[in-house]
$ cat final.tsv   # TSV, N, CA and C atoms
chain	number	residue	atom	x	y	z
A	1	ALA	N	76.48	93.92	53.73
A	1	ALA	CA	77.12	92.62	53.59
A	1	ALA	C	78.37	92.58	54.45
A	2	ARG	N	78.61	91.45	55.05
A	2	ARG	CA	79.85	91.23	55.77
A	2	ARG	C	80.84	90.57	54.82
A	3	PHE	N	82.12	90.65	55.13
A	3	PHE	CA	83.13	90.06	54.26
A	3	PHE	C	82.80	88.59	54.00
A	4	CYS	N	82.69	88.25	52.76
A	4	CYS	CA	82.35	86.89	52.33
A	4	CYS	C	81.06	86.40	52.97
A	5	ASP	N	80.27	87.34	53.51
A	5	ASP	CA	79.00	86.98	54.15
A	5	ASP	C	79.20	85.79	55.07
A	6	PHE	N	80.25	85.87	55.85
A	6	PHE	CA	80.64	84.74	56.69
A	6	PHE	C	79.68	84.57	57.85
A	7	PRO	N	79.13	83.41	58.13
A	7	PRO	CA	79.21	82.22	57.28
A	7	PRO	C	78.21	82.31	56.14
A	8	ALA	N	78.68	82.13	54.95
A	8	ALA	CA	77.84	82.32	53.77
A	8	ALA	C	76.97	81.11	53.50
A	9	PRO	N	75.68	81.35	53.25
A	9	PRO	CA	74.84	80.24	52.80
A	9	PRO	C	75.36	79.77	51.43
A	10	ALA	N	75.27	78.53	51.14
A	10	ALA	CA	75.78	78.00	49.88
A	10	ALA	C	75.20	78.76	48.69
A	11	GLY	N	76.09	79.23	47.81
A	11	GLY	CA	75.66	79.90	46.60
A	11	GLY	C	75.18	81.33	46.81
A	12	ASN	N	75.35	81.90	47.99
A	12	ASN	CA	74.83	83.24	48.24
A	12	ASN	C	75.92	84.15	48.79
A	13	ASN	N	77.12	84.09	48.25
A	13	ASN	CA	78.24	84.89	48.73
A	13	ASN	C	78.29	86.19	47.94
A	14	LEU	N	77.84	87.28	48.54
A	14	LEU	CA	77.73	88.55	47.84
A	14	LEU	C	79.07	89.15	47.45
A	15	CYS	N	80.13	88.85	48.20
A	15	CYS	CA	81.46	89.37	47.85
A	15	CYS	C	82.09	88.56	46.72
A	16	ARG	N	81.56	87.38	46.48
A	16	ARG	CA	82.08	86.46	45.46
A	16	ARG	C	83.55	86.12	45.69
A	17	LEU	N	83.91	85.94	46.95
A	17	LEU	CA	85.25	85.52	47.33
A	17	LEU	C	85.16	84.20	48.10
A	18	ASN	N	86.21	83.41	48.02
A	18	ASN	CA	86.27	82.16	48.73
A	18	ASN	C	86.86	82.41	50.12
A	19	VAL	N	86.05	82.27	51.16
A	19	VAL	CA	86.49	82.59	52.52
A	19	VAL	C	87.69	81.73	52.94
A	20	ALA	N	87.82	80.54	52.41
A	20	ALA	CA	88.96	79.67	52.76
A	20	ALA	C	90.29	80.29	52.33
A	21	SER	N	90.27	81.10	51.28
A	21	SER	CA	91.49	81.76	50.81
A	21	SER	C	91.98	82.83	51.77
A	22	PHE	N	91.13	83.25	52.69
A	22	PHE	CA	91.47	84.32	53.62
A	22	PHE	C	91.38	83.85	55.07
A	23	THR	N	91.53	82.54	55.29
A	23	THR	CA	91.44	81.95	56.61
A	23	THR	C	92.79	81.33	56.99
A	24	TYR	N	93.25	81.63	58.21
A	24	TYR	CA	94.55	81.18	58.68
A	24	TYR	C	94.42	80.53	60.04
A	25	SER	N	95.28	79.57	60.34
A	25	SER	CA	95.24	78.87	61.62
A	25	SER	C	96.28	79.43	62.58
A	26	GLY	N	95.93	79.42	63.87
A	26	GLY	CA	96.84	79.91	64.89
A	26	GLY	C	96.67	79.15	66.19
A	27	THR	N	97.60	79.38	67.09
A	27	THR	CA	97.60	78.76	68.41
A	27	THR	C	97.87	79.84	69.45
A	28	VAL	N	97.09	79.85	70.52
A	28	VAL	CA	97.25	80.84	71.58
A	28	VAL	C	98.55	80.58	72.33
A	29	THR	N	99.38	81.63	72.45
A	29	THR	CA	100.64	81.52	73.18
A	29	THR	C	100.62	82.31	74.49
A	30	ASP	N	99.69	83.25	74.61
A	30	ASP	CA	99.61	84.06	75.81
A	30	ASP	C	98.23	84.70	75.87
A	31	VAL	N	97.61	84.69	77.03
A	31	VAL	CA	96.30	85.31	77.23
A	31	VAL	C	96.52	86.66	77.88
A	32	VAL	N	95.89	87.70	77.32
A	32	VAL	CA	96.06	89.07	77.81
A	32	VAL	C	94.69	89.59	78.24
A	33	GLY	N	94.36	89.46	79.50
A	33	GLY	CA	93.07	89.91	80.01
A	33	GLY	C	91.92	89.06	79.49
A	34	ASP	N	90.71	89.63	79.54
A	34	ASP	CA	89.51	88.92	79.08
A	34	ASP	C	89.32	88.98	77.58
A	35	LEU	N	89.91	89.99	76.93
A	35	LEU	CA	89.64	90.22	75.52
A	35	LEU	C	90.80	89.91	74.59
A	36	GLY	N	92.00	89.73	75.11
A	36	GLY	CA	93.14	89.62	74.23
A	36	GLY	C	93.94	88.34	74.37
A	37	PHE	N	94.66	88.02	73.32
A	37	PHE	CA	95.59	86.89	73.34
A	37	PHE	C	96.62	87.07	72.23
A	38	ASN	N	97.78	86.51	72.44
A	38	ASN	CA	98.83	86.47	71.42
A	38	ASN	C	98.78	85.09	70.78
A	39	ALA	N	99.22	85.02	69.53
A	39	ALA	CA	99.11	83.76	68.80
A	39	ALA	C	100.36	83.45	68.01
A	40	ALA	N	100.66	82.17	67.89
A	40	ALA	CA	101.72	81.69	67.02
A	40	ALA	C	101.08	81.21	65.72
A	41	GLY	N	101.85	81.24	64.66
A	41	GLY	CA	101.36	80.74	63.38
A	41	GLY	C	100.82	81.82	62.47
A	42	MET	N	100.82	83.06	62.91
A	42	MET	CA	100.31	84.16	62.10
A	42	MET	C	101.47	84.87	61.39
A	43	ALA	N	101.49	84.81	60.06
A	43	ALA	CA	102.55	85.47	59.30
A	43	ALA	C	102.21	86.93	59.01
A	44	GLN	N	100.95	87.32	59.19
A	44	GLN	CA	100.51	88.68	58.89
A	44	GLN	C	101.14	89.67	59.87
A	45	THR	N	101.66	90.78	59.35
A	45	THR	CA	102.37	91.74	60.18
A	45	THR	C	101.64	93.08	60.30
A	46	GLY	N	100.47	93.22	59.72
A	46	GLY	CA	99.74	94.47	59.78
A	46	GLY	C	98.51	94.37	60.65
A	47	THR	N	97.40	94.85	60.13
A	47	THR	CA	96.12	94.84	60.86
A	47	THR	C	95.10	93.97	60.14
A	48	GLU	N	95.55	92.98	59.41
A	48	GLU	CA	94.69	92.19	58.53
A	48	GLU	C	93.47	91.57	59.20
A	49	PHE	N	93.60	91.17	60.46
A	49	PHE	CA	92.48	90.47	61.11
A	49	PHE	C	91.53	91.41	61.85
A	50	THR	N	91.84	92.71	61.88
A	50	THR	CA	90.93	93.68	62.50
A	50	THR	C	89.58	93.61	61.77
A	51	GLU	N	88.51	93.53	62.52
A	51	GLU	CA	87.14	93.38	62.00
A	51	GLU	C	86.91	91.99	61.40
A	52	GLY	N	87.78	91.05	61.70
A	52	GLY	CA	87.61	89.68	61.21
A	52	GLY	C	86.89	88.81	62.23
A	53	ILE	N	87.00	87.51	62.04
A	53	ILE	CA	86.33	86.55	62.91
A	53	ILE	C	87.31	85.46	63.32
A	54	ASP	N	87.27	85.08	64.59
A	54	ASP	CA	88.01	83.92	65.08
A	54	ASP	C	87.03	82.78	65.28
A	55	ILE	N	87.41	81.60	64.83
A	55	ILE	CA	86.60	80.40	65.01
A	55	ILE	C	87.45	79.46	65.86
A	56	TRP	N	86.97	79.15	67.06
A	56	TRP	CA	87.75	78.33	67.98
A	56	TRP	C	87.60	76.85	67.63
A	57	LEU	N	88.73	76.18	67.49
A	57	LEU	CA	88.75	74.76	67.11
A	57	LEU	C	88.92	73.85	68.31
A	58	THR	N	89.71	74.29	69.31
A	58	THR	CA	89.94	73.48	70.50
A	58	THR	C	89.80	74.36	71.74
A	59	GLY	N	89.84	73.73	72.88
A	59	GLY	CA	89.72	74.45	74.14
A	59	GLY	C	88.27	74.56	74.59
A	60	LEU	N	88.04	75.32	75.63
A	60	LEU	CA	86.70	75.45	76.20
A	60	LEU	C	85.72	76.15	75.27
A	61	ASN	N	86.22	76.90	74.29
A	61	ASN	CA	85.36	77.63	73.36
A	61	ASN	C	85.22	76.96	72.00
A	62	ALA	N	85.64	75.70	71.89
A	62	ALA	CA	85.59	75.00	70.60
A	62	ALA	C	84.20	75.10	69.99
A	63	GLY	N	84.16	75.49	68.72
A	63	GLY	CA	82.91	75.62	67.99
A	63	GLY	C	82.30	77.01	68.05
A	64	LEU	N	82.85	77.89	68.89
A	64	LEU	CA	82.32	79.25	69.00
A	64	LEU	C	83.09	80.20	68.09
A	65	LYS	N	82.44	81.31	67.73
A	65	LYS	CA	83.05	82.34	66.90
A	65	LYS	C	83.12	83.63	67.69
A	66	ALA	N	84.10	84.46	67.35
A	66	ALA	CA	84.26	85.75	68.03
A	66	ALA	C	84.66	86.81	67.02
A	67	LYS	N	84.11	88.00	67.16
A	67	LYS	CA	84.47	89.14	66.34
A	67	LYS	C	85.77	89.74	66.86
A	68	VAL	N	86.69	90.05	65.96
A	68	VAL	CA	87.98	90.63	66.32
A	68	VAL	C	87.88	92.15	66.24
A	69	ARG	N	88.16	92.82	67.34
A	69	ARG	CA	88.15	94.30	67.36
A	69	ARG	C	89.42	94.83	66.72
A	70	ALA	N	90.56	94.24	67.07
A	70	ALA	CA	91.84	94.73	66.56
A	70	ALA	C	92.85	93.60	66.49
A	71	TYR	N	93.78	93.74	65.56
A	71	TYR	CA	94.89	92.80	65.43
A	71	TYR	C	96.17	93.60	65.27
A	72	ASN	N	97.15	93.30	66.08
A	72	ASN	CA	98.46	93.93	66.00
A	72	ASN	C	99.43	92.89	65.47
A	73	GLY	N	99.82	93.01	64.20
A	73	GLY	CA	100.67	92.02	63.57
A	73	GLY	C	102.08	91.96	64.12
A	74	THR	N	102.55	93.08	64.68
A	74	THR	CA	103.89	93.08	65.27
A	74	THR	C	103.93	92.19	66.50
A	75	LEU	N	102.90	92.31	67.35
A	75	LEU	CA	102.83	91.50	68.57
A	75	LEU	C	102.11	90.17	68.36
A	76	LYS	N	101.46	90.03	67.20
A	76	LYS	CA	100.59	88.86	66.92
A	76	LYS	C	99.47	88.81	67.97
A	77	ARG	N	98.93	89.97	68.30
A	77	ARG	CA	97.92	90.07	69.35
A	77	ARG	C	96.54	90.35	68.77
A	78	PHE	N	95.60	89.52	69.18
A	78	PHE	CA	94.20	89.69	68.83
A	78	PHE	C	93.48	90.33	70.02
A	79	THR	N	92.60	91.28	69.75
A	79	THR	CA	91.73	91.85	70.76
A	79	THR	C	90.30	91.64	70.28
A	80	LEU	N	89.52	90.95	71.10
A	80	LEU	CA	88.14	90.63	70.72
A	80	LEU	C	87.18	91.75	71.12
A	81	VAL	N	86.01	91.78	70.48
A	81	VAL	CA	84.98	92.76	70.81
A	81	VAL	C	84.37	92.44	72.16
A	82	LEU	N	84.07	91.17	72.40
A	82	LEU	CA	83.48	90.72	73.66
A	82	LEU	C	84.29	89.55	74.21
A	83	PRO	N	84.29	89.37	75.53
A	83	PRO	CA	84.99	88.20	76.08
A	83	PRO	C	84.32	86.90	75.63
A	84	MET	N	85.10	85.86	75.54
A	84	MET	CA	84.54	84.55	75.19
A	84	MET	C	83.70	84.02	76.35
A	85	ALA	N	82.77	83.14	76.03
A	85	ALA	CA	81.88	82.56	77.05
A	85	ALA	C	82.68	81.84	78.13
A	86	ARG	N	83.74	81.18	77.72
A	86	ARG	CA	84.63	80.49	78.65
A	86	ARG	C	86.04	81.03	78.43
A	87	GLY	N	86.92	80.80	79.35
A	87	GLY	CA	88.27	81.35	79.25
A	87	GLY	C	89.05	80.81	78.06
A	88	ILE	N	89.86	81.69	77.47
A	88	ILE	CA	90.79	81.30	76.42
A	88	ILE	C	92.02	80.72	77.11
A	89	GLY	N	92.53	79.61	76.61
A	89	GLY	CA	93.65	78.95	77.27
A	89	GLY	C	94.88	78.84	76.39
A	90	PHE	N	96.04	78.75	77.03
A	90	PHE	CA	97.30	78.52	76.33
A	90	PHE	C	97.18	77.24	75.51
A	91	GLY	N	97.54	77.30	74.25
A	91	GLY	CA	97.49	76.12	73.38
A	91	GLY	C	96.18	75.95	72.64
A	92	ASP	N	95.16	76.75	72.96
A	92	ASP	CA	93.90	76.68	72.21
A	92	ASP	C	94.19	77.02	70.74
A	93	THR	N	93.55	76.31	69.84
A	93	THR	CA	93.75	76.57	68.41
A	93	THR	C	92.50	77.21	67.82
A	94	PHE	N	92.71	77.98	66.78
A	94	PHE	CA	91.61	78.71	66.15
A	94	PHE	C	91.92	78.96	64.69
A	95	GLN	N	90.91	79.35	63.96
A	95	GLN	CA	91.08	79.85	62.60
A	95	GLN	C	90.67	81.32	62.62
A	96	ALA	N	91.46	82.15	61.97
A	96	ALA	CA	91.17	83.58	61.89
A	96	ALA	C	90.87	83.94	60.45
A	97	VAL	N	89.76	84.63	60.25
A	97	VAL	CA	89.37	85.09	58.92
A	97	VAL	C	89.76	86.56	58.81
A	98	ILE	N	90.47	86.88	57.73
A	98	ILE	CA	90.90	88.26	57.48
A	98	ILE	C	89.68	89.18	57.59
A	99	GLY	N	89.88	90.36	58.18
A	99	GLY	CA	88.79	91.29	58.40
A	99	GLY	C	88.57	92.26	57.26
A	100	CYS	N	87.38	92.82	57.25
A	100	CYS	CA	87.00	93.84	56.29
A	100	CYS	C	86.39	94.99	57.07
A	101	SER	N	87.00	96.17	56.95
A	101	SER	CA	86.49	97.36	57.63
A	101	SER	C	85.55	98.15	56.75
A	102	LYS	N	85.15	97.54	55.63
A	102	LYS	CA	84.19	98.12	54.69
A	102	LYS	C	84.67	99.44	54.09
A	103	ARG	N	85.95	99.47	53.76
A	103	ARG	CA	86.54	100.63	53.09
A	103	ARG	C	86.84	100.22	51.66
A	104	ARG	N	86.32	100.96	50.71
A	104	ARG	CA	86.45	100.58	49.30
A	104	ARG	C	87.91	100.47	48.87
A	105	ASP	N	88.71	101.51	49.09
A	105	ASP	CA	90.09	101.49	48.59
A	105	ASP	C	91.00	100.60	49.41
A	106	GLU	N	90.98	100.75	50.75
A	106	GLU	CA	91.92	100.01	51.60
A	106	GLU	C	91.59	98.53	51.70
A	107	ASP	N	90.33	98.18	51.71
A	107	ASP	CA	89.95	96.77	51.87
A	107	ASP	C	89.63	96.12	50.53
A	108	CYS	N	88.58	96.57	49.89
A	108	CYS	CA	88.13	95.91	48.66
A	108	CYS	C	89.17	95.96	47.54
A	109	PHE	N	89.79	97.12	47.35
A	109	PHE	CA	90.75	97.25	46.26
A	109	PHE	C	92.11	96.68	46.61
A	110	GLU	N	92.72	97.17	47.70
A	110	GLU	CA	94.09	96.79	48.02
A	110	GLU	C	94.21	95.40	48.63
A	111	ARG	N	93.33	95.07	49.58
A	111	ARG	CA	93.46	93.80	50.30
A	111	ARG	C	92.89	92.63	49.52
A	112	PHE	N	91.72	92.82	48.89
A	112	PHE	CA	91.02	91.70	48.27
A	112	PHE	C	90.94	91.77	46.75
A	113	SER	N	91.39	92.87	46.14
A	113	SER	CA	91.29	93.05	44.68
A	113	SER	C	89.87	92.75	44.21
A	114	ASN	N	88.90	93.33	44.91
A	114	ASN	CA	87.49	92.97	44.68
A	114	ASN	C	86.58	94.20	44.72
A	115	VAL	N	87.08	95.34	44.25
A	115	VAL	CA	86.30	96.57	44.35
A	115	VAL	C	85.01	96.51	43.54
A	116	VAL	N	84.96	95.69	42.52
A	116	VAL	CA	83.75	95.59	41.70
A	116	VAL	C	82.55	95.09	42.51
A	117	ASN	N	82.78	94.36	43.60
A	117	ASN	CA	81.69	93.86	44.43
A	117	ASN	C	81.49	94.65	45.73
A	118	PHE	N	82.11	95.83	45.83
A	118	PHE	CA	81.97	96.67	47.02
A	118	PHE	C	80.51	97.09	47.19
A	119	GLN	N	80.01	97.03	48.45
A	119	GLN	CA	78.60	97.30	48.70
A	119	GLN	C	78.38	98.35	49.77
A	120	GLY	N	79.36	99.21	50.00
A	120	GLY	CA	79.22	100.22	51.05
A	120	GLY	C	79.20	101.63	50.52
A	121	GLU	N	79.29	102.59	51.45
A	121	GLU	CA	79.33	104.01	51.09
A	121	GLU	C	80.64	104.29	50.37
A	122	PRO	N	80.71	105.20	49.43
A	122	PRO	CA	79.66	106.10	48.95
A	122	PRO	C	78.87	105.54	47.78
A	123	ASP	N	79.09	104.29	47.40
A	123	ASP	CA	78.43	103.72	46.23
A	123	ASP	C	77.00	103.28	46.49
A	124	ARG	N	76.67	103.05	47.71
A	124	ARG	CA	75.35	102.59	48.08
A	124	ARG	C	74.40	103.78	48.21
A	125	PRO	N	73.17	103.67	47.71
A	125	PRO	CA	72.26	104.81	47.86
A	125	PRO	C	71.93	105.07	49.32
A	126	GLY	N	71.95	106.34	49.70
A	126	GLY	CA	71.65	106.71	51.08
A	126	GLY	C	70.16	106.80	51.32
A	127	VAL	N	69.79	107.18	52.54
A	127	VAL	CA	68.38	107.27	52.92
A	127	VAL	C	67.65	108.28	52.05
A	128	ASP	N	68.29	109.40	51.73
A	128	ASP	CA	67.63	110.43	50.91
A	128	ASP	C	67.24	109.88	49.54
A	129	ALA	N	68.15	109.13	48.93
A	129	ALA	CA	67.87	108.56	47.61
A	129	ALA	C	66.78	107.50	47.68
A	130	LEU	N	66.76	106.73	48.76
A	130	LEU	CA	65.78	105.66	48.88
A	130	LEU	C	64.37	106.18	49.20
A	131	THR	N	64.29	107.32	49.89
A	131	THR	CA	62.98	107.83	50.30
A	131	THR	C	62.51	109.01	49.47
A	132	ALA	N	63.28	109.41	48.46
A	132	ALA	CA	62.89	110.55	47.63
A	132	ALA	C	61.68	110.20	46.76
A	133	SER	N	60.96	111.23	46.39
A	133	SER	CA	59.82	111.04	45.48
A	133	SER	C	60.34	110.60	44.13
A	134	PRO	N	59.61	109.74	43.46
A	134	PRO	CA	60.07	109.31	42.14
A	134	PRO	C	60.04	110.48	41.16
A	135	VAL	N	61.01	110.48	40.26
A	135	VAL	CA	61.07	111.50	39.25
A	135	VAL	C	60.72	110.84	37.92
A	136	PRO	N	59.67	111.34	37.28
A	136	PRO	CA	59.30	110.72	35.99
A	136	PRO	C	60.37	110.96	34.94
A	137	ASP	N	60.51	110.00	34.03
A	137	ASP	CA	61.46	110.17	32.93
A	137	ASP	C	61.00	111.32	32.05
A	138	ALA	N	61.94	112.13	31.62
A	138	ALA	CA	61.58	113.28	30.76
A	138	ALA	C	61.67	112.91	29.31
$ encode --input "final.tsv" --output "structure tokens"
Amino acid sequence: ARFCDFPAPAGNNLCRLNVASFTYSGTVTDVVGDLGFNAAGMAQTGTEFTEGIDIWLTGLNAGLKAKVRAYNGTLKRFTLVLPMARGIGFGDTFQAVIGCSKRRDEDCFERFSNVVNFQGEPDRPGVDALTASPVPDA
């Protein structure tokens, strides 16, 4: 599962969180190469948007989404996984969804207070458990 199964089909959100509660708006203030940009409007000072999603509202990429590789809250700098189809421009606006690195304690517990819905390792059965021979009840 991805964080809030974004974009979640109606009624099928496995994390049981409201994605709007973790979505913030920003404006591009500086473009840094093909993958990076600095943004105004971001109050987050850590790595909250790492592994998150940017949804472009204006500019040449309006309507497109991008996976965020890293976020530096000190610089307010986003680094994308892949370059956008068209260039990112000064003044382009976007919405950024807080990221989930699929870590039970750091993400589900501390960031989202949602450890009860965690669906990753080590709680998820591995390949060995899924492919093992059935054991009859004794």
$ atom_distance --input "final.tsv" --atom1 "atom CA of Ile88 of chain A" --atom2 "atom CA of Val31 of chain A"
6.9 Å
$ residues_near_point --input "final.tsv" --point "(97.3, 75.7, 65.2)" --cutoff "12 Å" --atoms "only C-alpha atoms" --output "ChimeraX atom specification"
/A:24-29,39-42,55-59,90-96
$ write_last_selection --input "final.tsv" --atoms "N, CA and C atoms" --output "tab-separated table (two decimals), keeping the file's coordinate frame"
chain	number	residue	atom	x	y	z
A	24	TYR	N	93.25	81.63	58.21
A	24	TYR	CA	94.55	81.18	58.68
A	24	TYR	C	94.42	80.53	60.04
A	25	SER	N	95.28	79.57	60.34
A	25	SER	CA	95.24	78.87	61.62
A	25	SER	C	96.28	79.43	62.58
A	26	GLY	N	95.93	79.42	63.87
A	26	GLY	CA	96.84	79.91	64.89
A	26	GLY	C	96.67	79.15	66.19
A	27	THR	N	97.60	79.38	67.09
A	27	THR	CA	97.60	78.76	68.41
A	27	THR	C	97.87	79.84	69.45
A	28	VAL	N	97.09	79.85	70.52
A	28	VAL	CA	97.25	80.84	71.58
A	28	VAL	C	98.55	80.58	72.33
A	29	THR	N	99.38	81.63	72.45
A	29	THR	CA	100.64	81.52	73.18
A	29	THR	C	100.62	82.31	74.49
A	39	ALA	N	99.22	85.02	69.53
A	39	ALA	CA	99.11	83.76	68.80
A	39	ALA	C	100.36	83.45	68.01
A	40	ALA	N	100.66	82.17	67.89
A	40	ALA	CA	101.72	81.69	67.02
A	40	ALA	C	101.08	81.21	65.72
A	41	GLY	N	101.85	81.24	64.66
A	41	GLY	CA	101.36	80.74	63.38
A	41	GLY	C	100.82	81.82	62.47
A	42	MET	N	100.82	83.06	62.91
A	42	MET	CA	100.31	84.16	62.10
A	42	MET	C	101.47	84.87	61.39
A	55	ILE	N	87.41	81.60	64.83
A	55	ILE	CA	86.60	80.40	65.01
A	55	ILE	C	87.45	79.46	65.86
A	56	TRP	N	86.97	79.15	67.06
A	56	TRP	CA	87.75	78.33	67.98
A	56	TRP	C	87.60	76.85	67.63
A	57	LEU	N	88.73	76.18	67.49
A	57	LEU	CA	88.75	74.76	67.11
A	57	LEU	C	88.92	73.85	68.31
A	58	THR	N	89.71	74.29	69.31
A	58	THR	CA	89.94	73.48	70.50
A	58	THR	C	89.80	74.36	71.74
A	59	GLY	N	89.84	73.73	72.88
A	59	GLY	CA	89.72	74.45	74.14
A	59	GLY	C	88.27	74.56	74.59
A	90	PHE	N	96.04	78.75	77.03
A	90	PHE	CA	97.30	78.52	76.33
A	90	PHE	C	97.18	77.24	75.51
A	91	GLY	N	97.54	77.30	74.25
A	91	GLY	CA	97.49	76.12	73.38
A	91	GLY	C	96.18	75.95	72.64
A	92	ASP	N	95.16	76.75	72.96
A	92	ASP	CA	93.90	76.68	72.21
A	92	ASP	C	94.19	77.02	70.74
A	93	THR	N	93.55	76.31	69.84
A	93	THR	CA	93.75	76.57	68.41
A	93	THR	C	92.50	77.21	67.82
A	94	PHE	N	92.71	77.98	66.78
A	94	PHE	CA	91.61	78.71	66.15
A	94	PHE	C	91.92	78.96	64.69
A	95	GLN	N	90.91	79.35	63.96
A	95	GLN	CA	91.08	79.85	62.60
A	95	GLN	C	90.67	81.32	62.62
A	96	ALA	N	91.46	82.15	61.97
A	96	ALA	CA	91.17	83.58	61.89
A	96	ALA	C	90.87	83.94	60.45
$ closest_residue --input "final.tsv" --among "A:Phe78, A:Ala85, A:Ile53, A:Gly99" --to "Ala66 of chain A" --atoms "all atoms listed in the file"
A:Ile53
$ residues_near_point --input "final.tsv" --point "(86.6, 90.3, 66.4)" --cutoff "6.5 Å" --atoms "only N, CA and C atoms" --output "list in words"
Thr50, Glu51, Gly52, Ile53, Asp54, Ala66, Lys67, Val68, Arg69, Ala70, Thr79, Leu80 and Val81 of chain A
$ atom_distance --input "final.tsv" --atom1 "atom C of Leu82 of chain A" --atom2 "atom N of Leu17 of chain A"
27.5 Å
$ atom_distance --input "final.tsv" --atom1 "atom C of Gly87 of chain A" --atom2 "atom C of Leu75 of chain A"
18.8 Å
$ closest_residue --input "final.tsv" --among "A:Thr74, A:Pro83, A:Cys100, A:Leu60" --to "Gly33 of chain A" --atoms "only N, CA and C atoms"
A:Pro83
$ closest_residue --input "final.tsv" --among "A:Gly89, A:Pro134, A:Gly36, A:Gly46" --to "Asn72 of chain A" --atoms "only N, CA and C atoms"
A:Gly46
$ closest_residue --input "final.tsv" --among "A:Asp30, A:Ala132, A:Gly63, A:Asn38" --to "Lys76 of chain A" --atoms "only C-alpha atoms"
A:Asn38
$ closest_residue --input "final.tsv" --among "A:Arg77, A:Asp128, A:Ser133, A:Arg86" --to "Phe37 of chain A" --atoms "only N, CA and C atoms"
A:Arg77
$ closest_residue --input "final.tsv" --among "A:Val19, A:Val97, A:Gly73, A:Leu64" --to "Thr47 of chain A" --atoms "only C-alpha atoms"
A:Gly73
